[in-house]
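Here's the structure we're looking at; comments come further down.
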Amino acid sequence: MQIPDRNSLLRELKNHLFFLKDAGYSEIPCESDLFTESVSPLNSSPVKSMTDNKKANSLIEVREELGDCTRCKLSQGRKNIVFGSGNPKADLVFVGEGPGADEDEQGLPFVGRAGKKLTEIIEKGMLLDREKDTYICNIVKCRPPGNRDPEKEEIAACNPFLIQQLKAIQPRVVVALGKPAASTLLGRNVPITKERGTWHDYEGFKLMLTLHPAYLLRAYTIENRKAVQSDMKKVLKELGR
Ligand code: URA
């Protein structure tokens with residue numbers, strides 16, 4: 001067997017670290033399973049297909065399956081796939097609508113104005129740490145042009161990846177941010193101002209509906225702020241915090 005030289009090992013390591021970053025890891029995971037069943041570029045074993053559903057795929061396998069996705073037309077205008085970020089073992093997952101310009105630029109979810117608001121809700125309101133206590137992703141992983149709502153086919157193409165992400169993370173609570181996320185997850189038109197604050201089931205996960213932080217910024221009323229506060233209080237109670 002040929003032993004790789006130092007430079008190619010370093011190159012492989014760098015590629016792998018970028019890969020982990022794309023998969024939403026903000027720290028280097030060191031659980032043994034990541035290295036035994038995993039996706040290291042140095043490991044040539046084939047990745048389990050998402051259709052082989054005997055066991056949940058790890059988040060990193062889901063990211064690998066997504067690849068350089070061209071399953072819908074959103075791929076044509078994107079700069080970066082925005083897979084998700086945070087703790088791959090988080091008890092709490094927030095699901096937004098889709099990346100905006102800042103997210104597309106950086107390849108990370110909720111990093112623009114709405115993202116700052118979401119961070120504030122998590123850190124100041126819920127007293128949690130965004131990176132350590134939550135995982136954040138969207139119903140579509142590529143930016144819809146001009147920030148339009150994602151279309152049915154685009155959502156349908158991305159949905160298996162969202163489900164697989166949740167199955168990999170196994171959160172205790174999922175929070176849908178805003179009407180498009182809530183309607184997508186529940187498969188019906190959700191009047192979000194009426195139904196926010198209520199619990200639902202999504203693929204066996206406890207699902208709370210709340211207002212989108214961008215909506216909160218647009219309609220920054222005491223009523224809306226109190227509504228989100230009250231929804232997050234319910235989430236914290238469910239998490240036992
Ligand atoms: N709005 C969303 O729904 N998702 C993001 O990632 C950013 C803004």
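Every chain in the structure tokens has a letter given in the order shown (A, B, ...), and although residue numbers restart at 1 in each chain, ligands are simply numbered from 1 in the order shown.
All residues within region 32-198 of chain A that the backbone DSSP calculation assigns to strand (DSSP E or B) are Ser85, Gly86, Leu92, Val93, Phe94, Val95, Gly96, Thr134, Tyr135, Ile136, Cys137, Asn138, Val173, Val174, Val175, Ala176 and Leu177 of chain A.
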Take the residues from that selection and put them in a file with C-alpha atoms, as a tab-separated table (two decimals), in the first residue's frame.
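Saved to selection-v1.tsv:
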chain	number	residue	atom	x	y	z
A	85	SER	CA	-25.42	24.87	11.73
A	86	GLY	CA	-25.17	24.25	15.44
A	92	LEU	CA	-33.84	21.90	20.00
A	93	VAL	CA	-33.97	22.50	16.23
A	94	PHE	CA	-35.24	25.69	14.59
A	95	VAL	CA	-36.47	25.38	11.01
A	96	GLY	CA	-36.71	28.53	8.90
A	134	THR	CA	-29.57	24.37	19.14
A	135	TYR	CA	-29.32	23.31	15.52
A	136	ILE	CA	-30.71	25.65	12.86
A	137	CYS	CA	-31.71	24.83	9.30
A	138	ASN	CA	-34.29	25.67	6.65
A	173	VAL	CA	-38.41	19.79	20.12
A	174	VAL	CA	-38.58	21.29	16.62
A	175	VAL	CA	-39.66	24.90	16.18
A	176	ALA	CA	-41.09	26.03	12.84
A	177	LEU	CA	-40.29	29.69	12.24
> Got a sec to check which residues lie within 9 Å of ligand 1, using only C-alpha atoms and all ligand atoms, and send them as a PyMOL selection string?
Replying inline: chain A and resi 82+84+95-104+108-115+136-141+143+147+177-178+180-181+212-214
> Which one of A:Leu127, A:Leu74, A:Val190, A:Ile163 sits closest to Gly146 (chain A) if you count only C-alpha atoms?
Replying inline: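 Of A:Leu127, A:Leu74, A:Val190, A:Ile163, the one nearest Gly146 (chain A) is A:Leu74, counting only C-alpha atoms.
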> Which residues in region 194-240 of chain A does DSSP call alpha helix (DSSP H)? List them as an MDAnalysis selection string.
Replying inline: chainID A and resid 194:195 213:218 222:239
Print the selection's residues with N, CA and C atoms to a file, as an mmCIF file, in the first residue's frame.
data_model
loop_
_atom_site.group_PDB
_atom_site.id
_atom_site.type_symbol
_atom_site.label_atom_id
_atom_site.label_comp_id
_atom_site.auth_asym_id
_atom_site.auth_seq_id
_atom_site.Cartn_x
_atom_site.Cartn_y
_atom_site.Cartn_z
ATOM 1 N N LYS A 194 -52.677 32.641 14.056
ATOM 2 C CA LYS A 194 -53.693 31.936 14.853
ATOM 3 C C LYS A 194 -53.105 30.703 15.540
ATOM 4 N N GLU A 195 -52.239 29.990 14.813
ATOM 5 C CA GLU A 195 -51.806 28.678 15.322
ATOM 6 C C GLU A 195 -50.478 28.695 16.070
ATOM 7 N N PRO A 213 -38.596 35.347 12.823
ATOM 8 C CA PRO A 213 -37.923 36.556 13.341
ATOM 9 C C PRO A 213 -37.967 37.738 12.366
ATOM 10 N N ALA A 214 -37.992 37.458 11.050
ATOM 11 C CA ALA A 214 -38.072 38.567 10.079
ATOM 12 C C ALA A 214 -39.432 39.265 10.198
ATOM 13 N N TYR A 215 -40.475 38.478 10.451
ATOM 14 C CA TYR A 215 -41.814 39.059 10.647
ATOM 15 C C TYR A 215 -41.818 39.905 11.919
ATOM 16 N N LEU A 216 -41.154 39.387 12.936
ATOM 17 C CA LEU A 216 -41.069 40.107 14.206
ATOM 18 C C LEU A 216 -40.383 41.464 13.997
ATOM 19 N N LEU A 217 -39.339 41.468 13.153
ATOM 20 C CA LEU A 217 -38.633 42.728 12.885
ATOM 21 C C LEU A 217 -39.534 43.710 12.132
ATOM 22 N N ARG A 218 -40.359 43.157 11.227
ATOM 23 C CA ARG A 218 -41.254 44.025 10.431
ATOM 24 C C ARG A 218 -42.414 44.527 11.279
ATOM 25 N N ILE A 222 -45.442 44.965 20.796
ATOM 26 C CA ILE A 222 -45.354 44.279 22.093
ATOM 27 C C ILE A 222 -46.102 42.956 22.016
ATOM 28 N N GLU A 223 -47.234 42.984 21.326
ATOM 29 C CA GLU A 223 -48.049 41.770 21.201
ATOM 30 C C GLU A 223 -47.257 40.626 20.548
ATOM 31 N N ASN A 224 -46.576 40.939 19.428
ATOM 32 C CA ASN A 224 -45.815 39.899 18.726
ATOM 33 C C ASN A 224 -44.621 39.415 19.547
ATOM 34 N N ARG A 225 -43.952 40.369 20.210
ATOM 35 C CA ARG A 225 -42.797 39.969 21.023
ATOM 36 C C ARG A 225 -43.243 39.067 22.174
ATOM 37 N N LYS A 226 -44.360 39.447 22.783
ATOM 38 C CA LYS A 226 -44.878 38.616 23.895
ATOM 39 C C LYS A 226 -45.285 37.239 23.392
ATOM 40 N N ALA A 227 -45.838 37.210 22.170
ATOM 41 C CA ALA A 227 -46.269 35.925 21.595
ATOM 42 C C ALA A 227 -45.067 34.990 21.456
ATOM 43 N N VAL A 228 -43.970 35.503 20.881
ATOM 44 C CA VAL A 228 -42.788 34.647 20.692
ATOM 45 C C VAL A 228 -42.222 34.232 22.053
ATOM 46 N N GLN A 229 -42.184 35.197 22.969
ATOM 47 C CA GLN A 229 -41.698 34.878 24.331
ATOM 48 C C GLN A 229 -42.503 33.731 24.938
ATOM 49 N N SER A 230 -43.816 33.823 24.779
ATOM 50 C CA SER A 230 -44.675 32.806 25.381
ATOM 51 C C SER A 230 -44.466 31.447 24.684
ATOM 52 N N ASP A 231 -44.272 31.464 23.358
ATOM 53 C CA ASP A 231 -44.024 30.206 22.631
ATOM 54 C C ASP A 231 -42.717 29.558 23.094
ATOM 55 N N MET A 232 -41.688 30.398 23.266
ATOM 56 C CA MET A 232 -40.383 29.864 23.654
ATOM 57 C C MET A 232 -40.395 29.358 25.107
ATOM 58 N N LYS A 233 -41.263 29.977 25.918
ATOM 59 C CA LYS A 233 -41.422 29.504 27.302
ATOM 60 C C LYS A 233 -41.965 28.073 27.302
ATOM 61 N N LYS A 234 -42.918 27.830 26.396
ATOM 62 C CA LYS A 234 -43.482 26.476 26.286
ATOM 63 C C LYS A 234 -42.401 25.479 25.853
ATOM 64 N N VAL A 235 -41.558 25.939 24.928
ATOM 65 C CA VAL A 235 -40.471 25.063 24.445
ATOM 66 C C VAL A 235 -39.516 24.731 25.593
ATOM 67 N N LEU A 236 -39.150 25.759 26.348
ATOM 68 C CA LEU A 236 -38.224 25.539 27.473
ATOM 69 C C LEU A 236 -38.829 24.579 28.494
ATOM 70 N N LYS A 237 -40.117 24.747 28.731
ATOM 71 C CA LYS A 237 -40.788 23.865 29.698
ATOM 72 C C LYS A 237 -40.722 22.415 29.202
ATOM 73 N N GLU A 238 -40.986 22.227 27.916
ATOM 74 C CA GLU A 238 -40.946 20.885 27.324
ATOM 75 C C GLU A 238 -39.536 20.288 27.438
ATOM 76 N N LEU A 239 -38.538 21.170 27.328
ATOM 77 C CA LEU A 239 -37.147 20.697 27.421
ATOM 78 C C LEU A 239 -36.703 20.522 28.869
#
